[in-house]
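S.K.: What follows is input_35.cif; its format and atoms are mmCIF, C-alpha atoms.
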data_structure
loop_
_atom_site.label_atom_id
_atom_site.label_comp_id
_atom_site.auth_asym_id
_atom_site.auth_seq_id
_atom_site.Cartn_x
_atom_site.Cartn_y
_atom_site.Cartn_z
CA MET A 1 0.00 0.00 0.00
CA LYS A 2 1.39 3.37 -1.04
CA THR A 3 0.85 5.90 1.76
CA LEU A 4 1.15 9.68 1.63
CA ILE A 5 1.34 11.60 4.93
CA LEU A 6 0.50 15.31 4.67
CA ASP A 7 1.82 16.99 7.81
CA GLY A 8 -0.01 20.27 8.50
CA SER A 9 1.77 21.05 11.77
CA LEU A 10 3.74 24.18 12.57
CA ALA A 11 7.51 24.21 13.02
CA GLY A 12 8.45 23.04 16.51
CA ASP A 13 5.22 21.13 17.04
CA ARG A 14 6.62 17.89 18.44
CA ILE A 15 3.37 15.94 18.18
CA GLY A 16 3.34 16.40 14.40
CA SER A 17 6.84 15.02 13.90
CA PHE A 18 6.23 12.30 16.50
CA SER A 19 3.03 11.17 14.78
CA ALA A 20 4.63 11.13 11.33
CA ALA A 21 7.63 9.13 12.53
CA THR A 22 5.47 6.69 14.50
CA LEU A 23 3.15 6.14 11.56
CA GLN A 24 6.05 5.60 9.14
CA ALA A 25 7.62 2.98 11.43
CA ASP A 26 4.30 1.14 11.81
CA ILE A 27 3.59 1.38 8.07
CA ALA A 28 7.00 -0.14 7.27
CA LYS A 29 6.25 -3.10 9.57
CA ARG A 30 3.09 -3.73 7.57
CA GLY A 31 5.08 -3.85 4.35
CA TRP A 32 3.64 -0.61 3.00
CA SER A 33 5.60 2.29 1.55
CA SER A 34 5.22 5.85 2.83
CA GLU A 35 6.25 9.43 2.20
CA VAL A 36 5.88 12.44 4.49
CA VAL A 37 5.28 15.89 3.02
CA LEU A 38 5.92 18.77 5.42
CA LEU A 39 3.40 21.23 4.05
CA ARG A 40 4.91 24.20 5.92
CA GLU A 41 8.08 23.78 3.85
CA LYS A 42 6.23 23.79 0.52
CA LYS A 43 5.24 26.72 -1.65
CA ILE A 44 1.46 26.48 -1.80
CA GLY A 45 -0.63 29.51 -2.73
CA ASN A 46 -4.16 30.09 -1.55
CA CYS A 47 -6.96 28.69 -3.71
CA MET A 48 -8.58 31.75 -5.26
CA GLY A 49 -11.92 30.12 -6.01
CA ASP A 50 -11.78 31.03 -9.70
CA PHE A 51 -12.68 27.48 -10.86
CA LEU A 52 -10.11 27.73 -13.67
CA CYS A 53 -8.97 24.21 -12.71
CA TRP A 54 -12.30 23.06 -14.09
CA PHE A 55 -12.59 24.91 -17.39
CA LYS A 56 -9.29 26.64 -18.31
CA SER A 57 -6.86 23.84 -17.44
CA PRO A 58 -9.25 20.98 -16.57
CA GLY A 59 -8.12 18.89 -13.62
CA LYS A 60 -5.11 21.06 -12.86
CA CYS A 61 -4.74 24.44 -11.15
CA HIS A 62 -3.24 27.03 -13.50
CA VAL A 63 -0.94 28.30 -10.71
CA ALA A 64 2.24 26.26 -10.84
CA ASP A 65 3.53 25.66 -7.33
CA ASP A 66 4.18 22.66 -5.07
CA HIS A 67 0.52 21.76 -4.67
CA LEU A 68 0.47 20.33 -8.21
CA GLU A 69 2.98 17.60 -7.35
CA ILE A 70 1.23 16.94 -4.04
CA SER A 71 -2.08 16.58 -5.89
CA ARG A 72 -0.45 14.04 -8.19
CA LYS A 73 0.88 12.09 -5.22
CA PHE A 74 -2.58 12.21 -3.63
CA ILE A 75 -4.21 10.54 -6.64
CA GLU A 76 -1.41 7.98 -6.98
CA SER A 77 -1.63 6.92 -3.32
CA ASP A 78 -3.64 4.10 -1.78
CA LEU A 79 -3.88 5.84 1.60
CA VAL A 80 -3.51 9.52 2.50
CA ILE A 81 -3.05 10.57 6.12
CA PHE A 82 -3.78 14.15 7.16
CA LEU A 83 -1.95 15.37 10.28
CA THR A 84 -3.05 18.62 11.90
CA PRO A 85 -3.53 20.41 15.19
CA VAL A 86 -7.27 20.77 15.82
CA THR A 87 -8.03 24.43 15.05
CA PHE A 88 -11.49 25.60 16.14
CA GLY A 89 -12.66 22.05 15.53
CA GLY A 90 -11.14 22.09 12.04
CA TYR A 91 -7.78 21.92 10.29
CA SER A 92 -4.74 24.14 10.62
CA PRO A 93 -4.38 26.80 7.89
CA THR A 94 -1.25 24.94 6.72
CA LEU A 95 -3.17 21.74 5.98
CA LYS A 96 -6.32 23.54 4.83
CA LYS A 97 -4.39 25.47 2.19
CA MET A 98 -3.59 22.16 0.50
CA VAL A 99 -7.05 20.69 1.06
CA ASP A 100 -8.59 23.75 -0.64
CA HIS A 101 -6.83 22.73 -3.86
CA MET A 102 -8.48 19.29 -3.87
CA ILE A 103 -11.41 20.54 -5.95
CA GLN A 104 -9.26 20.04 -9.06
CA ASN A 105 -9.53 16.29 -8.46
CA THR A 106 -13.30 16.31 -9.06
CA LEU A 107 -15.40 17.32 -12.05
CA PRO A 108 -17.49 20.49 -12.11
CA PHE A 109 -20.62 18.50 -12.95
CA PHE A 110 -23.07 17.32 -10.28
CA ALA A 111 -24.53 14.04 -9.11
CA THR A 112 -26.37 12.75 -6.05
CA HIS A 113 -23.94 11.10 -3.64
CA HIS A 114 -24.82 10.09 -0.07
CA GLY A 115 -28.22 11.72 -0.56
CA GLU A 116 -26.76 15.13 -1.42
CA ILE A 117 -25.54 16.95 -4.50
CA HIS A 118 -21.77 16.63 -4.94
CA HIS A 119 -19.28 17.01 -7.75
CA LEU A 120 -18.70 13.97 -9.94
CA GLN A 121 -15.54 11.88 -9.70
CA ARG A 122 -12.76 12.86 -12.08
CA TYR A 123 -10.76 9.69 -11.45
CA GLU A 124 -11.88 6.06 -11.30
CA ARG A 125 -10.25 5.52 -7.90
CA TYR A 126 -9.27 7.68 -4.96
CA PRO A 127 -7.16 6.90 -1.89
CA ASP A 128 -8.51 5.91 1.48
CA VAL A 129 -8.24 8.78 3.97
CA LEU A 130 -7.17 8.84 7.61
CA THR A 131 -7.43 12.17 9.42
CA ILE A 132 -5.49 12.63 12.65
CA GLY A 133 -5.71 15.73 14.82
CA TRP A 134 -4.40 16.69 18.22
CA GLN A 135 -5.52 18.98 21.01
CA SER A 136 -3.65 20.72 23.82
CA GLU A 137 -6.07 19.01 26.18
CA PRO A 138 -9.22 16.96 25.55
CA ASP A 139 -12.17 19.06 24.36
CA ALA A 140 -15.23 17.00 23.45
CA GLU A 141 -17.02 19.81 21.58
CA ALA A 142 -14.08 20.68 19.31
CA ALA A 143 -13.37 16.97 18.81
CA SER A 144 -16.93 16.33 17.62
CA ILE A 145 -16.69 19.15 15.09
CA PHE A 146 -13.34 17.79 13.86
CA ARG A 147 -14.71 14.27 13.39
CA HIS A 148 -17.73 15.59 11.50
CA LEU A 149 -15.53 17.66 9.18
CA ALA A 150 -13.25 14.69 8.49
CA TRP A 151 -16.29 12.55 7.69
CA ARG A 152 -17.70 15.19 5.32
CA ASN A 153 -14.35 15.51 3.58
CA SER A 154 -14.23 11.76 3.05
CA ILE A 155 -17.45 12.02 1.03
CA ASN A 156 -16.08 14.74 -1.23
CA PHE A 157 -12.77 12.88 -1.56
CA TYR A 158 -14.62 9.70 -2.63
CA ALA A 159 -12.67 7.66 -0.08
CA ASN A 160 -13.81 4.05 0.11
CA VAL A 161 -12.38 3.73 3.63
CA HIS A 162 -12.01 6.63 6.05
CA GLY A 163 -11.14 7.05 9.69
CA CYS A 164 -10.44 9.82 12.16
CA GLY A 165 -8.47 9.95 15.39
CA ILE A 166 -7.69 12.67 17.92
CA LEU A 167 -4.62 12.75 20.15
CA SER A 168 -3.88 14.92 23.18
CA ARG A 169 -0.58 16.62 23.96
CA ASN A 170 -0.70 15.45 27.56
CA GLN A 171 -0.96 11.77 26.59
CA ASP A 172 2.00 9.52 27.25
CA ASP A 173 3.91 8.67 24.06
CA ARG A 174 3.06 4.98 24.46
CA VAL A 175 -0.64 5.87 24.53
CA LYS A 176 -0.26 7.92 21.35
CA GLU A 177 1.63 5.09 19.66
CA ALA A 178 -1.11 2.60 20.56
CA GLN A 179 -3.82 4.92 19.25
CA LEU A 180 -2.00 5.50 15.96
CA HIS A 181 -1.50 1.73 15.63
CA ARG A 182 -5.24 1.11 16.15
CA LEU A 183 -6.10 3.68 13.47
CA LEU A 184 -3.88 1.93 10.93
CA ASP A 185 -5.43 -1.39 11.95
CA GLN A 186 -8.85 0.10 11.22
CA ILE A 187 -7.80 1.15 7.73
CA GLU A 188 -6.19 -2.24 7.07
CA ARG A 189 -9.45 -3.94 8.05
CA HIS A 190 -11.30 -1.62 5.62
CA GLU A 191 -13.52 -0.29 8.41
CA SER A 192 -14.87 3.25 8.06
CA ASP A 193 -16.12 5.54 10.78
CA ALA A 194 -19.87 6.00 11.09
CA GLU A 195 -21.35 9.45 10.56
CA PRO A 196 -20.53 11.47 13.69
CA ALA A 197 -22.97 13.95 15.18
CA LEU A 198 -22.22 17.64 15.50
CA PRO A 199 -22.50 19.08 19.01
CA VAL A 200 -25.51 21.20 19.87
CA ILE A 201 -24.50 24.80 19.30
CA ASN A 202 -25.90 27.17 21.90
CA ARG A 203 -26.30 30.81 20.96
CA SER A 204 -25.75 33.70 23.34
CA SER A 205 -28.07 33.85 26.34
CA ALA A 206 -26.74 37.22 27.53
CA THR A 207 -29.18 40.03 28.27
CA PRO A 208 -29.93 41.77 24.94
CA THR A 209 -28.52 45.28 24.55
CA SER A 210 -28.97 47.49 21.50
CA LEU A 211 -26.27 47.39 18.88
CA ARG A 212 -24.27 50.54 18.17
CA ARG A 213 -21.38 49.53 15.90
CA ALA A 214 -20.76 46.48 13.72
CA LEU A 215 -17.90 45.12 11.62
CA LEU A 216 -18.30 42.99 8.48
CA LEU A 217 -15.40 40.65 7.68
CA VAL A 218 -15.58 39.36 4.12
CA GLY A 219 -13.69 36.07 3.76
CA SER A 220 -13.75 35.65 -0.02
CA PRO A 221 -10.76 36.05 -2.37
CA ARG A 222 -13.09 37.84 -4.79
CA LEU A 223 -13.40 40.72 -2.32
CA GLU A 224 -16.18 43.16 -3.30
CA LYS A 225 -17.16 41.05 -6.31
CA SER A 226 -18.23 38.05 -4.28
CA THR A 227 -21.45 36.45 -3.10
CA SER A 228 -20.13 36.73 0.44
CA SER A 229 -19.82 40.49 0.03
CA SER A 230 -23.32 40.71 -1.48
CA LEU A 231 -24.89 38.84 1.44
CA GLY A 232 -22.92 40.69 4.10
CA SER A 233 -23.49 44.08 2.51
CA TYR A 234 -27.26 43.61 2.40
CA LEU A 235 -27.32 42.56 6.06
CA PHE A 236 -25.32 45.65 6.97
CA GLU A 237 -27.58 47.91 4.89
CA GLN A 238 -30.41 46.69 7.07
CA LEU A 239 -28.37 47.23 10.24
CA ARG A 240 -27.71 50.83 9.20
CA GLN A 241 -31.45 51.35 8.86
CA HIS A 242 -31.62 50.42 12.55
CA GLY A 243 -29.09 53.14 13.34
CA VAL A 244 -26.06 50.86 13.56
CA GLU A 245 -22.70 52.27 12.44
CA SER A 246 -20.76 49.86 10.24
CA GLU A 247 -17.35 49.06 8.79
CA THR A 248 -16.14 46.44 6.30
CA ILE A 249 -12.74 44.70 6.10
CA PHE A 250 -11.71 42.16 3.47
CA ILE A 251 -9.71 39.36 5.08
CA TYR A 252 -7.72 38.50 1.94
CA LYS A 253 -6.36 42.06 1.98
CA ALA A 254 -5.83 42.16 5.75
CA ILE A 255 -3.67 39.03 5.95
CA ASN A 256 -1.08 40.51 3.56
CA THR A 257 0.58 42.75 6.15
CA ARG A 258 0.97 42.89 9.92
CA GLU A 259 -0.26 46.49 9.89
CA ARG A 260 -3.54 45.49 8.28
CA MET A 261 -4.08 42.65 10.73
CA ASP A 262 -3.37 45.06 13.58
CA ALA A 263 -6.01 47.38 12.10
CA LEU A 264 -8.48 44.48 11.86
CA ARG A 265 -8.08 43.63 15.53
CA GLN A 266 -8.38 47.30 16.49
CA ALA A 267 -11.62 47.47 14.50
CA ILE A 268 -12.95 44.49 16.48
CA ASP A 269 -12.19 46.36 19.70
CA ARG A 270 -14.32 49.31 18.49
CA VAL A 271 -17.51 47.39 17.66
CA ASP A 272 -20.25 45.47 19.45
CA LEU A 273 -20.79 42.90 16.69
CA VAL A 274 -18.57 41.13 14.16
CA VAL A 275 -20.14 39.28 11.23
CA LEU A 276 -18.00 36.95 9.11
CA ALA A 277 -19.28 36.26 5.57
CA PHE A 278 -17.42 33.62 3.59
CA PRO A 279 -17.77 30.92 0.89
CA LEU A 280 -17.58 27.23 1.72
CA TYR A 281 -14.25 25.71 0.70
CA VAL A 282 -14.15 21.90 0.89
CA ASP A 283 -16.70 21.72 3.73
CA THR A 284 -15.32 24.51 5.91
CA LEU A 285 -13.65 27.95 5.96
CA PRO A 286 -10.97 28.94 3.41
CA ALA A 287 -7.41 28.67 4.76
CA PRO A 288 -6.74 32.46 4.92
CA VAL A 289 -9.90 32.97 6.99
CA ILE A 290 -8.78 30.32 9.50
CA LEU A 291 -5.39 32.04 9.64
CA ALA A 292 -7.03 35.39 10.43
CA LEU A 293 -9.21 33.85 13.14
CA GLU A 294 -6.14 32.24 14.69
CA ASP A 295 -4.47 35.65 14.81
CA ILE A 296 -7.51 37.19 16.52
CA VAL A 297 -7.50 34.54 19.25
CA ALA A 298 -3.72 34.68 19.69
CA HIS A 299 -3.73 38.43 20.34
CA GLY A 300 -6.92 38.54 22.39
CA THR A 301 -8.97 41.68 22.92
CA SER A 302 -8.69 44.72 25.17
CA LYS A 303 -12.44 45.05 25.59
CA THR A 304 -14.10 44.71 28.98
CA LYS A 305 -17.25 43.10 27.58
CA PRO A 306 -17.51 40.24 25.04
CA THR A 307 -17.81 40.94 21.33
CA ARG A 308 -20.85 39.40 19.64
CA PHE A 309 -20.08 37.22 16.65
CA ALA A 310 -22.21 35.82 13.81
CA ALA A 311 -21.48 34.17 10.47
CA ILE A 312 -22.95 33.91 6.97
CA VAL A 313 -21.74 31.06 4.77
CA ASN A 314 -22.72 30.23 1.21
CA CYS A 315 -21.88 27.09 -0.74
CA GLY A 316 -22.12 26.13 -4.40
CA PHE A 317 -24.34 23.13 -3.65
CA PRO A 318 -28.13 23.48 -3.34
CA ASN A 319 -28.10 21.73 0.05
CA ALA A 320 -27.40 24.37 2.70
CA SER A 321 -26.97 21.49 5.15
CA GLN A 322 -23.48 21.02 3.71
CA ASN A 323 -22.48 24.23 5.51
CA ALA A 324 -23.06 22.66 8.94
CA SER A 325 -19.40 21.91 9.70
CA SER A 326 -18.32 25.45 8.83
CA ILE A 327 -20.99 27.01 11.04
CA ALA A 328 -19.84 24.74 13.88
CA VAL A 329 -16.23 25.85 13.34
CA CYS A 330 -17.36 29.49 13.56
CA SER A 331 -19.17 28.81 16.82
CA GLU A 332 -16.07 27.09 18.20
CA PHE A 333 -13.96 30.10 17.24
CA ALA A 334 -16.40 32.32 19.13
CA ARG A 335 -16.07 30.08 22.19
CA GLU A 336 -12.26 30.11 22.10
CA ALA A 337 -12.14 33.86 21.43
CA GLU A 338 -14.62 34.41 24.30
CA PHE A 339 -17.07 36.10 21.94
CA GLU A 340 -20.85 35.77 22.28
CA TRP A 341 -22.09 33.43 19.54
CA MET A 342 -25.13 35.03 17.88
CA GLY A 343 -25.75 32.27 15.32
CA GLY A 344 -25.00 31.41 11.71
CA LEU A 345 -26.86 31.88 8.45
CA SER A 346 -26.42 29.27 5.73
CA LEU A 347 -27.23 29.60 2.01
CA GLY A 348 -27.14 26.87 -0.63
CA ALA A 349 -26.51 27.52 -4.35
CA GLY A 350 -25.16 30.96 -3.47
CA GLU A 351 -22.77 31.14 -6.39
CA GLY A 352 -25.38 30.14 -8.93
CA MET A 353 -28.19 32.26 -7.53
CA VAL A 354 -26.48 35.43 -6.29
CA HIS A 355 -23.23 35.34 -8.27
CA ALA A 356 -21.90 38.47 -6.53
CA ARG A 357 -24.81 40.66 -7.64
CA PRO A 358 -26.40 43.15 -5.24
CA LEU A 359 -29.41 41.39 -3.72
CA ALA A 360 -31.71 44.23 -4.76
CA GLU A 361 -31.07 43.21 -8.39
CA LEU A 362 -32.31 39.63 -7.90
CA GLY A 363 -36.00 40.52 -8.07
CA GLY A 364 -38.50 37.93 -6.87
CA GLN A 365 -35.89 35.15 -6.84
CA GLY A 366 -33.96 36.96 -4.16
CA ALA A 367 -36.98 37.73 -1.96
CA PRO A 368 -36.41 34.85 0.54
CA ILE A 369 -32.73 35.78 0.87
CA ARG A 370 -33.49 39.44 1.48
CA LYS A 371 -36.27 38.60 3.94
CA ALA A 372 -34.03 36.26 5.96
CA LEU A 373 -31.29 38.89 6.19
CA GLU A 374 -33.82 41.59 7.13
CA ILE A 375 -35.13 39.43 9.97
CA ALA A 376 -31.60 38.68 11.15
CA ALA A 377 -30.63 42.37 11.02
CA GLY A 378 -33.61 43.34 13.18
CA GLU A 379 -32.70 40.70 15.74
CA LEU A 380 -28.99 41.54 15.84
CA ALA A 381 -29.72 45.27 16.11
CA GLN A 382 -31.67 44.54 19.30
CA GLY A 383 -28.85 42.43 20.69
CA GLN A 384 -30.70 39.16 20.10
CA PRO A 385 -29.27 36.00 18.48
CA ILE A 386 -30.32 35.12 14.94
CA SER A 387 -33.58 33.18 15.15
CA ASP A 388 -34.37 29.74 13.77
CA ASN A 389 -36.92 31.47 11.54
CA ALA A 390 -34.24 33.50 9.76
CA GLN A 391 -31.90 30.52 9.54
CA LYS A 392 -34.50 28.21 8.03
CA LEU A 393 -35.69 30.84 5.56
CA LEU A 394 -32.19 31.41 4.15
CA ALA A 395 -31.42 27.68 4.08
CA ARG A 396 -34.55 26.85 2.08
CA PRO A 397 -33.66 25.39 -1.37
CA LEU A 398 -33.94 28.03 -4.08
CA MET A 399 -34.52 25.61 -6.96
CA PRO A 400 -35.25 21.91 -7.62
CA GLU A 401 -32.18 19.68 -7.72
CA TRP A 402 -32.78 18.64 -11.35
CA MET A 403 -32.77 22.29 -12.39
CA PHE A 404 -29.59 22.93 -10.42
CA LYS A 405 -27.81 19.98 -12.09
CA LEU A 406 -28.93 21.01 -15.57
CA GLY A 407 -27.98 24.65 -15.07
CA GLY A 408 -24.59 23.65 -13.70
CA THR A 409 -23.84 21.38 -16.65
CA ILE A 410 -24.76 24.04 -19.20
CA GLY A 411 -22.91 26.76 -17.30
CA TRP A 412 -19.61 24.89 -17.01
CA LYS A 413 -19.68 23.89 -20.68
CA MET A 414 -20.26 27.52 -21.68
CA GLN A 415 -17.30 28.59 -19.53
CA ALA A 416 -15.09 25.93 -21.13
CA ARG A 417 -16.08 27.06 -24.62
CA LYS A 418 -14.42 30.43 -23.94
CA PHE A 419 -11.07 28.64 -23.54
CA GLY A 420 -11.65 25.97 -26.18
CA THR A 421 -11.48 23.21 -23.55
CA GLN A 422 -14.98 21.76 -23.79
CA LYS A 423 -13.56 18.43 -25.00
CA GLN A 424 -10.99 18.30 -22.19
CA LEU A 425 -13.32 18.92 -19.23
CA LYS A 426 -12.97 15.32 -18.02
CA ALA A 427 -9.17 15.25 -18.34
CA ARG A 428 -7.20 13.22 -15.78
CA PRO A 429 -3.78 14.92 -15.66
CA TYR A 430 -2.59 13.05 -12.58
CA GLN A 431 -3.51 9.57 -13.78
CA LYS A 432 -0.57 7.26 -14.39
CA ALA A 433 -0.03 6.23 -17.98
CA VAL A 434 -0.71 2.53 -18.47
#
I'd like the structure from this file rewritten - as structure tokens, please.
M.R.:
Amino acid sequence: MKTLILDGSLAGDRIGSFSAATLQADIAKRGWSSEVVLLREKKIGNCMGDFLCWFKSPGKCHVADDHLEISRKFIESDLVIFLTPVTFGGYSPTLKKMVDHMIQNTLPFFATHHGEIHHLQRYERYPDVLTIGWQSEPDAEAASIFRHLAWRNSINFYANVHGCGILSRNQDDRVKEAQLHRLLDQIERHESDAEPALPVINRSSATPTSLRRALLLVGSPRLEKSTSSSLGSYLFEQLRQHGVESETIFIYKAINTRERMDALRQAIDRVDLVVLAFPLYVDTLPAPVILALEDIVAHGTSKTKPTRFAAIVNCGFPNASQNASSIAVCSEFAREAEFEWMGGLSLGAGEGMVHARPLAELGGQGAPIRKALEIAAGELAQGQPISDNAQKLLARPLMPEWMFKLGGTIGWKMQARKFGTQKQLKARPYQKAV
């Protein structure tokens, strides 16, 4: 069995190097081959969400850096092991940056898989996946989110066998070794984890106080020309009608310099509410957004009272339920940052329906979206968490699945025609020549 270990740990994180070395020794005893890739030492750019890997250079990102060779190794492997510190119940930015590029290994077209709409397989076979995280100390809530995310990823990675394990820094090395051994045993027996449940996410129960100032963080690489910006901007238009002062910061600009990140944290200190609007990237937040959230927690806040925090996520699939892991990660960030969690709004088919247009231009089609955001704005302005009513209204499917599939097929073929690649859309650039 050919095994690829993708180590998403930071430099100096002993548990990452310990896990990789322990796994390699155990793998060798089983007669398998293995390779460790230290992702922090590789040049991997952020996925920009332009989908050019689907219709300009099908099956291959047009940005030539180290992730191309890693993607090839991923497809050629029988087993891929992800190693990462558990970060807000998700992956480290270092690992997530590579995971974000995995969309090139699927087709842009849609099919029903596990009862949901997913992208079709590009390759006939994919590796089994084992995801291993570690925590500073056991945290059941963050662990549940991590297991759910790993399970969701296994669906989109088309893994026949998948498992997930969580270590703790305070465990004895012999305990860690035994746990890693059991996880490899599980994969060798071809036993997959069952679907794990997400923890119940409790919203703020603090006494409501009127909102005075709010900050919108847009977590899309497309900046102003993004669906995330459209959704967040409409919510904030409604907040302003309630007399709330507002400010907007684009995370992909902020992370470029220390000065801009300092300014972002200072903006958080000035406001009562922070709203994060972002697109779903491989079941959770884009890597740069996770990096920014890490920075916020690391530096803390100088405020005497907690900041309120809410999120808006949109995915390209019609099933808003696929956003569940990302909303849970946002709630875990709020808990670790000691913010008051005000709830999350989840939209399916955001790219196809909104496509970065101002919501006022969507006419009747956009009425449910606008109504949900108007309800949420009224609640947040009064210091109340986002209600189930607003959440359910935004999550309601905007079109039948058959229409979504048909529209997606036509749309991607039209995009490919612009580059003359319509006959190469199903290319398999990482498949070994026979």
S.K.: Apply the PyMOL selection byres ((chain A and resi 294-306) around 7) to the file shown and report the selected residues as a PyMOL selection string.
M.R.: chain A and resi 265+269+290-293+307-308+337-340
S.K.: Please determine, counting all atoms listed in the file, which residue among A:Gln104, A:Asn153, A:Ser144, A:Gln424 has the shortest atom-to-atom distance to Gly59 in chain A.
M.R.: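 Among the listed residues, A:Gln104 lies closest to Gly59 in chain A.
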S.K.: In Å, how far is it from CA of Tyr281 in chain A to CA of Asp100 in chain A?
M.R.: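 These atoms are spaced 6.1 Å apart.
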S.K.: Determine the nearest neighbour of Leu217 in chain A from the options A:Leu130, A:Val313, A:Leu183, A:Cys164, counting all atoms listed in the file.
M.R.: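 Of all the options, A:Val313 lies closest to Leu217 in chain A.
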S.K.: Evaluate the PyMOL selection byres ((chain A and resi 342-353) around 9) and record the selected residues as number ranges by chain, following the chain and residue labels used in the document.
M.R.: A: 201-204, 226-228, 279, 308-324, 327-328, 330-331, 340-341, 354-356, 362, 365-366, 369, 372-373, 376, 380, 383-387, 390-392, 394-399, 404, 407-408
S.K.: Just checking: using only C-alpha atoms, which residue out of A:Val175, A:Gly163, A:Glu116, A:Asn170 ends up closest to Thr22 in chain A?
M.R.: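 Among the listed residues, the smallest separation from Thr22 in chain A belongs to A:Val175.
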S.K.: Generate a file for range 309-363 of chain A, containing C-alpha atoms, as a PDB file, in the first residue's frame.
M.R.:
ATOM      1  CA  PHE A 309     -20.076  37.217  16.651  1.00  0.00           C
ATOM      2  CA  ALA A 310     -22.209  35.825  13.811  1.00  0.00           C
ATOM      3  CA  ALA A 311     -21.483  34.165  10.473  1.00  0.00           C
ATOM      4  CA  ILE A 312     -22.949  33.911   6.966  1.00  0.00           C
ATOM      5  CA  VAL A 313     -21.745  31.055   4.772  1.00  0.00           C
ATOM      6  CA  ASN A 314     -22.718  30.233   1.209  1.00  0.00           C
ATOM      7  CA  CYS A 315     -21.885  27.093  -0.741  1.00  0.00           C
ATOM      8  CA  GLY A 316     -22.122  26.134  -4.397  1.00  0.00           C
ATOM      9  CA  PHE A 317     -24.344  23.132  -3.650  1.00  0.00           C
ATOM     10  CA  PRO A 318     -28.129  23.477  -3.339  1.00  0.00           C
ATOM     11  CA  ASN A 319     -28.096  21.731   0.051  1.00  0.00           C
ATOM     12  CA  ALA A 320     -27.404  24.373   2.695  1.00  0.00           C
ATOM     13  CA  SER A 321     -26.970  21.486   5.146  1.00  0.00           C
ATOM     14  CA  GLN A 322     -23.476  21.023   3.706  1.00  0.00           C
ATOM     15  CA  ASN A 323     -22.482  24.227   5.511  1.00  0.00           C
ATOM     16  CA  ALA A 324     -23.056  22.658   8.940  1.00  0.00           C
ATOM     17  CA  SER A 325     -19.399  21.911   9.705  1.00  0.00           C
ATOM     18  CA  SER A 326     -18.324  25.448   8.827  1.00  0.00           C
ATOM     19  CA  ILE A 327     -20.995  27.005  11.043  1.00  0.00           C
ATOM     20  CA  ALA A 328     -19.843  24.742  13.881  1.00  0.00           C
ATOM     21  CA  VAL A 329     -16.226  25.847  13.345  1.00  0.00           C
ATOM     22  CA  CYS A 330     -17.359  29.493  13.562  1.00  0.00           C
ATOM     23  CA  SER A 331     -19.169  28.806  16.818  1.00  0.00           C
ATOM     24  CA  GLU A 332     -16.071  27.086  18.205  1.00  0.00           C
ATOM     25  CA  PHE A 333     -13.962  30.099  17.237  1.00  0.00           C
ATOM     26  CA  ALA A 334     -16.395  32.321  19.130  1.00  0.00           C
ATOM     27  CA  ARG A 335     -16.069  30.084  22.190  1.00  0.00           C
ATOM     28  CA  GLU A 336     -12.263  30.111  22.100  1.00  0.00           C
ATOM     29  CA  ALA A 337     -12.140  33.864  21.434  1.00  0.00           C
ATOM     30  CA  GLU A 338     -14.620  34.408  24.295  1.00  0.00           C
ATOM     31  CA  PHE A 339     -17.075  36.098  21.939  1.00  0.00           C
ATOM     32  CA  GLU A 340     -20.846  35.775  22.277  1.00  0.00           C
ATOM     33  CA  TRP A 341     -22.091  33.434  19.536  1.00  0.00           C
ATOM     34  CA  MET A 342     -25.127  35.029  17.876  1.00  0.00           C
ATOM     35  CA  GLY A 343     -25.750  32.270  15.322  1.00  0.00           C
ATOM     36  CA  GLY A 344     -24.995  31.413  11.715  1.00  0.00           C
ATOM     37  CA  LEU A 345     -26.863  31.882   8.445  1.00  0.00           C
ATOM     38  CA  SER A 346     -26.417  29.274   5.725  1.00  0.00           C
ATOM     39  CA  LEU A 347     -27.227  29.599   2.005  1.00  0.00           C
ATOM     40  CA  GLY A 348     -27.137  26.868  -0.627  1.00  0.00           C
ATOM     41  CA  ALA A 349     -26.511  27.519  -4.350  1.00  0.00           C
ATOM     42  CA  GLY A 350     -25.163  30.957  -3.466  1.00  0.00           C
ATOM     43  CA  GLU A 351     -22.772  31.144  -6.391  1.00  0.00           C
ATOM     44  CA  GLY A 352     -25.383  30.143  -8.934  1.00  0.00           C
ATOM     45  CA  MET A 353     -28.189  32.264  -7.528  1.00  0.00           C
ATOM     46  CA  VAL A 354     -26.476  35.432  -6.290  1.00  0.00           C
ATOM     47  CA  HIS A 355     -23.232  35.342  -8.268  1.00  0.00           C
ATOM     48  CA  ALA A 356     -21.898  38.474  -6.530  1.00  0.00           C
ATOM     49  CA  ARG A 357     -24.813  40.658  -7.642  1.00  0.00           C
ATOM     50  CA  PRO A 358     -26.397  43.150  -5.238  1.00  0.00           C
ATOM     51  CA  LEU A 359     -29.406  41.394  -3.716  1.00  0.00           C
ATOM     52  CA  ALA A 360     -31.708  44.231  -4.761  1.00  0.00           C
ATOM     53  CA  GLU A 361     -31.074  43.212  -8.392  1.00  0.00           C
ATOM     54  CA  LEU A 362     -32.305  39.631  -7.905  1.00  0.00           C
ATOM     55  CA  GLY A 363     -36.000  40.520  -8.071  1.00  0.00           C
TER      56      GLY A 363
END
